[in-house]
Structure formats: structure tokens, C-alpha cells
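Asker: Here's a structure for you.
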Amino acid sequence: MSDFSTTLMDDIKTAMKAKDSASLTVLRALKSAIKNAAIEKGGADAELDEAESLAVIRKQIKQRHDSITQFEDAGRAELADIEKAEVVILEKYLPTPLAEDEVSKIVAEAISETGASSKADMGKVMKAVQEKAEGRADGKMLSQLVMKALS
């Protein structure tokens, strides 16, 4: 069992003991999503590595952000607040995000390493930037900074 899986199971147990139903629900859903992704990857006995687990967490957060938008558009603030609380719980499992100036530095390094000079090179720059950022920066922000640097 990976460190992440162990941490998740410990947090589920802690939430059970504390009778924290909100956290328990979110953590169980996360565990289920990770298990489903592992099964898709390689069958019932497969496990995800840390990067794959982080991708699942990000997907869960994105789904909740989409729900928040829909609930707010429908005038259901109470449901949006529940989703926001769930996002806070999930974000605890993400690594500390990079500051924008750190991301800008990574973008500049990737551009010089790849020899990119125009927007046509965006794909190879994005690949290098994503590897360097190691999941600690939002893909949308990365894309915008790369596009700005290449224009």
C-alpha cells in the first residue's frame, strides 16, 4: 500500500472516530474514485502511483468546482457551500501550489531548453513545463503563461 493510500485510510478512520460525516463522505468518495481509476489502469489488484492519485484528486476538485458554478447559477447557495467545504477537504491532499513567479521561471526555463520560438512550439513547451511543475500548478495558468511567453 502506498504512503498516500495509508494516509487516506488513516484519515478515514480519524473522521469515523470524530463522527465527522462531511469529511468521511468526501474521503470515502475519494478512496472509491482512486480504486476505480486503479481498476481501469490494471485490474482489481492494481494501485496508482502518487502522480496518478493526485490526478484523481484534481479531477474530484474540478467536478466540485463545476457543481459549485451550477448550484450558484441555480440560486442554491446552500448546496454550493457544501461543495466548497468538500473542495477544502480535498485540497489538503494536494502538494503546495507554486507561486506565479515560480511558474513564470519554470516557463522561461522550459522555453530555453526546448528552443521554442513561436506558438507552434506550445505543445513541447507545455510538456516540459508540466513535468517541471510536478502537478503543483493549475494547467490553465500554465497554458496562459506559456502562451503569453511565446507571443
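Ordered as shown in the C-alpha cells, chains take letters A, B, and onward, while each chain numbers its residues from 1 and ligands are numbered from 1 in the order shown.
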For Met147 of chain A, list every protein, DNA or RNA residue within 10 Å, evaluated using only C-alpha atoms, and leave out those in the same chain fewer than 3 positions away; present the list as an MDAnalysis selection string.

Answerer: chainID A and resid 107 118:119 121:122 125:126 141:144 150:151

Asker: Would you kindly return, as an NGL selection string, each protein, DNA or RNA residue with an atom no farther than 9 Å from any atom of segment 62-67 of chain A, considering only C-alpha atoms and excluding same-chain residues fewer than 5 positions away?

Answerer: :A and (57 or 72 or 79-80 or 83-84 or 86-87)

Asker: For the selection just defined, write its residues with N, CA and C atoms to a file, as a PDB file, in the first residue's frame.

Answerer:
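The file below, selection13.pdb, is the result:
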```pdb
ATOM      1  N   ILE A  57      -7.448  13.284  -7.561  1.00  0.00           N
ATOM      2  CA  ILE A  57      -7.870  14.322  -6.615  1.00  0.00           C
ATOM      3  C   ILE A  57      -8.222  15.599  -7.369  1.00  0.00           C
ATOM      4  N   GLU A  72     -24.658  27.735  -7.902  1.00  0.00           N
ATOM      5  CA  GLU A  72     -24.767  29.190  -7.753  1.00  0.00           C
ATOM      6  C   GLU A  72     -25.640  29.785  -8.854  1.00  0.00           C
ATOM      7  N   LEU A  79     -26.211  24.412  -1.298  1.00  0.00           N
ATOM      8  CA  LEU A  79     -25.538  23.273  -1.923  1.00  0.00           C
ATOM      9  C   LEU A  79     -24.142  23.658  -2.403  1.00  0.00           C
ATOM     10  N   ALA A  80     -23.995  24.879  -2.883  1.00  0.00           N
ATOM     11  CA  ALA A  80     -22.678  25.368  -3.299  1.00  0.00           C
ATOM     12  C   ALA A  80     -21.729  25.409  -2.105  1.00  0.00           C
ATOM     13  N   GLU A  83     -20.369  21.959  -1.398  1.00  0.00           N
ATOM     14  CA  GLU A  83     -19.334  21.606  -2.372  1.00  0.00           C
ATOM     15  C   GLU A  83     -18.022  22.341  -2.061  1.00  0.00           C
ATOM     16  N   LYS A  84     -18.116  23.596  -1.649  1.00  0.00           N
ATOM     17  CA  LYS A  84     -16.916  24.374  -1.306  1.00  0.00           C
ATOM     18  C   LYS A  84     -16.197  23.746  -0.119  1.00  0.00           C
ATOM     19  N   GLU A  86     -16.239  20.616   0.645  1.00  0.00           N
ATOM     20  CA  GLU A  86     -15.625  19.389   0.148  1.00  0.00           C
ATOM     21  C   GLU A  86     -14.315  19.690  -0.587  1.00  0.00           C
ATOM     22  N   VAL A  87     -14.280  20.788  -1.331  1.00  0.00           N
ATOM     23  CA  VAL A  87     -13.055  21.195  -2.032  1.00  0.00           C
ATOM     24  C   VAL A  87     -11.933  21.444  -1.022  1.00  0.00           C
TER      25      VAL A  87
END
```

Asker: Skip Ser5 of chain A itself and residues of its chain fewer than 5 positions away, then list as a list of chain:residue names all residues within 12 Å of it, counting only C-alpha atoms.

Answerer: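 Near neighbours after the sequence-gap exclusion: A:Asp10, A:Asp11, A:Ile12, A:Leu27, A:Arg28, A:Leu30, A:Lys31, A:Ser32, A:Ile34, A:Lys35, A:Ala38, A:Glu47, A:Leu48, A:Asp49, A:Glu50, A:Ser53, A:Leu54, A:Tyr93.
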
Asker: So which residues of segment 51-102 of chain A fall under alpha helix (DSSP H) by DSSP, listed as a PyMOL selection string?

Answerer: chain A and resi 51-73+77-91+100-102

Asker: Write the residues you've just listed into a file as a compact mmCIF listing (two decimals), in the first residue's frame, and include N, CA and C atoms for each of them.

Answerer:
```
# COMPACT_ATOMS: atom_id res chain seq x y z
N ALA A 51 1.49 10.35 -8.53
CA ALA A 51 1.08 11.30 -9.57
C ALA A 51 -0.33 10.97 -10.09
N GLU A 52 -0.61 9.70 -10.26
CA GLU A 52 -1.94 9.29 -10.73
C GLU A 52 -3.00 9.57 -9.67
N SER A 53 -2.65 9.37 -8.42
CA SER A 53 -3.59 9.67 -7.34
C SER A 53 -3.88 11.17 -7.28
N LEU A 54 -2.85 11.99 -7.48
CA LEU A 54 -3.04 13.44 -7.49
C LEU A 54 -3.95 13.85 -8.65
N ALA A 55 -3.82 13.17 -9.78
CA ALA A 55 -4.68 13.48 -10.92
C ALA A 55 -6.14 13.19 -10.58
N VAL A 56 -6.39 12.10 -9.86
CA VAL A 56 -7.75 11.76 -9.44
C VAL A 56 -8.29 12.83 -8.49
N ILE A 57 -7.45 13.28 -7.56
CA ILE A 57 -7.87 14.32 -6.61
C ILE A 57 -8.22 15.60 -7.37
N ARG A 58 -7.38 15.98 -8.32
CA ARG A 58 -7.65 17.19 -9.11
C ARG A 58 -8.96 17.06 -9.88
N LYS A 59 -9.21 15.87 -10.40
CA LYS A 59 -10.46 15.63 -11.13
C LYS A 59 -11.66 15.79 -10.19
N GLN A 60 -11.53 15.26 -8.97
CA GLN A 60 -12.60 15.39 -7.98
C GLN A 60 -12.85 16.87 -7.65
N ILE A 61 -11.77 17.62 -7.50
CA ILE A 61 -11.90 19.05 -7.18
C ILE A 61 -12.55 19.79 -8.35
N LYS A 62 -12.14 19.46 -9.57
CA LYS A 62 -12.72 20.11 -10.74
C LYS A 62 -14.22 19.82 -10.83
N GLN A 63 -14.61 18.58 -10.56
CA GLN A 63 -16.03 18.23 -10.58
C GLN A 63 -16.81 19.07 -9.56
N ARG A 64 -16.22 19.28 -8.41
CA ARG A 64 -16.90 20.07 -7.38
C ARG A 64 -16.97 21.54 -7.77
N HIS A 65 -15.92 22.05 -8.41
CA HIS A 65 -15.98 23.44 -8.87
C HIS A 65 -17.08 23.60 -9.92
N ASP A 66 -17.22 22.61 -10.80
CA ASP A 66 -18.29 22.65 -11.80
C ASP A 66 -19.65 22.65 -11.10
N SER A 67 -19.79 21.83 -10.07
CA SER A 67 -21.05 21.76 -9.32
C SER A 67 -21.33 23.09 -8.61
N ILE A 68 -20.29 23.70 -8.05
CA ILE A 68 -20.45 24.99 -7.38
C ILE A 68 -21.02 26.01 -8.35
N THR A 69 -20.45 26.06 -9.55
CA THR A 69 -20.92 27.01 -10.56
C THR A 69 -22.39 26.75 -10.89
N GLN A 70 -22.74 25.49 -11.09
CA GLN A 70 -24.13 25.15 -11.43
C GLN A 70 -25.08 25.49 -10.28
N PHE A 71 -24.68 25.18 -9.06
CA PHE A 71 -25.54 25.48 -7.92
C PHE A 71 -25.73 26.98 -7.74
N GLU A 72 -24.66 27.73 -7.90
CA GLU A 72 -24.77 29.19 -7.75
C GLU A 72 -25.64 29.79 -8.85
N ASP A 73 -25.52 29.27 -10.07
CA ASP A 73 -26.35 29.75 -11.18
C ASP A 73 -27.82 29.44 -10.93
N ALA A 77 -27.36 28.34 -2.99
CA ALA A 77 -26.15 28.69 -2.26
C ALA A 77 -25.79 27.65 -1.20
N GLU A 78 -26.82 27.04 -0.57
CA GLU A 78 -26.54 26.06 0.48
C GLU A 78 -25.82 24.82 -0.08
N LEU A 79 -26.21 24.41 -1.30
CA LEU A 79 -25.54 23.27 -1.92
C LEU A 79 -24.14 23.66 -2.40
N ALA A 80 -23.99 24.88 -2.88
CA ALA A 80 -22.68 25.37 -3.30
C ALA A 80 -21.73 25.41 -2.11
N ASP A 81 -22.24 25.80 -0.94
CA ASP A 81 -21.40 25.85 0.27
C ASP A 81 -20.91 24.45 0.67
N ILE A 82 -21.76 23.46 0.50
CA ILE A 82 -21.36 22.08 0.81
C ILE A 82 -20.23 21.65 -0.11
N GLU A 83 -20.37 21.96 -1.40
CA GLU A 83 -19.33 21.61 -2.37
C GLU A 83 -18.02 22.34 -2.06
N LYS A 84 -18.12 23.60 -1.65
CA LYS A 84 -16.92 24.37 -1.31
C LYS A 84 -16.20 23.75 -0.12
N ALA A 85 -16.96 23.28 0.86
CA ALA A 85 -16.36 22.61 2.02
C ALA A 85 -15.66 21.32 1.60
N GLU A 86 -16.24 20.62 0.64
CA GLU A 86 -15.62 19.39 0.15
C GLU A 86 -14.31 19.69 -0.59
N VAL A 87 -14.28 20.79 -1.33
CA VAL A 87 -13.05 21.20 -2.03
C VAL A 87 -11.93 21.44 -1.02
N VAL A 88 -12.26 22.10 0.08
CA VAL A 88 -11.26 22.39 1.12
C VAL A 88 -10.68 21.08 1.66
N ILE A 89 -11.53 20.10 1.88
CA ILE A 89 -11.07 18.80 2.39
C ILE A 89 -10.14 18.13 1.38
N LEU A 90 -10.52 18.15 0.11
CA LEU A 90 -9.71 17.50 -0.93
C LEU A 90 -8.38 18.22 -1.15
N GLU A 91 -8.38 19.54 -1.04
CA GLU A 91 -7.16 20.31 -1.31
C GLU A 91 -6.06 20.00 -0.30
N GLU A 100 3.01 32.27 -8.73
CA GLU A 100 3.05 32.63 -10.15
C GLU A 100 4.45 32.98 -10.63
N ASP A 101 5.27 33.62 -9.78
CA ASP A 101 6.63 33.95 -10.20
C ASP A 101 7.48 32.68 -10.36
N GLU A 102 7.23 31.66 -9.53
CA GLU A 102 7.93 30.39 -9.68
C GLU A 102 7.53 29.71 -10.98
```

Asker: Between atom CA of Ile106 of chain A and atom CA of Val129 of chain A, what distance in Å does the model show, to one decimal?

Answerer: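 Pair atom CA of Ile106 of chain A / atom CA of Val129 of chain A returns 6.3 Å.
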
Asker: Go through A:Ile39, A:Ala22, A:Ala120, A:Ala110 and flag the residue nearest Leu145 of chain A, using only C-alpha atoms for the distances.

Answerer: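 Ranking A:Ile39, A:Ala22, A:Ala120, A:Ala110 by distance to Leu145 of chain A, first place goes to A:Ala110.
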
Asker: Report, in Å to a single decimal, how far apart atom CA of Arg76 of chain A and atom CA of Ser21 of chain A are.

Answerer: 21.3 Å
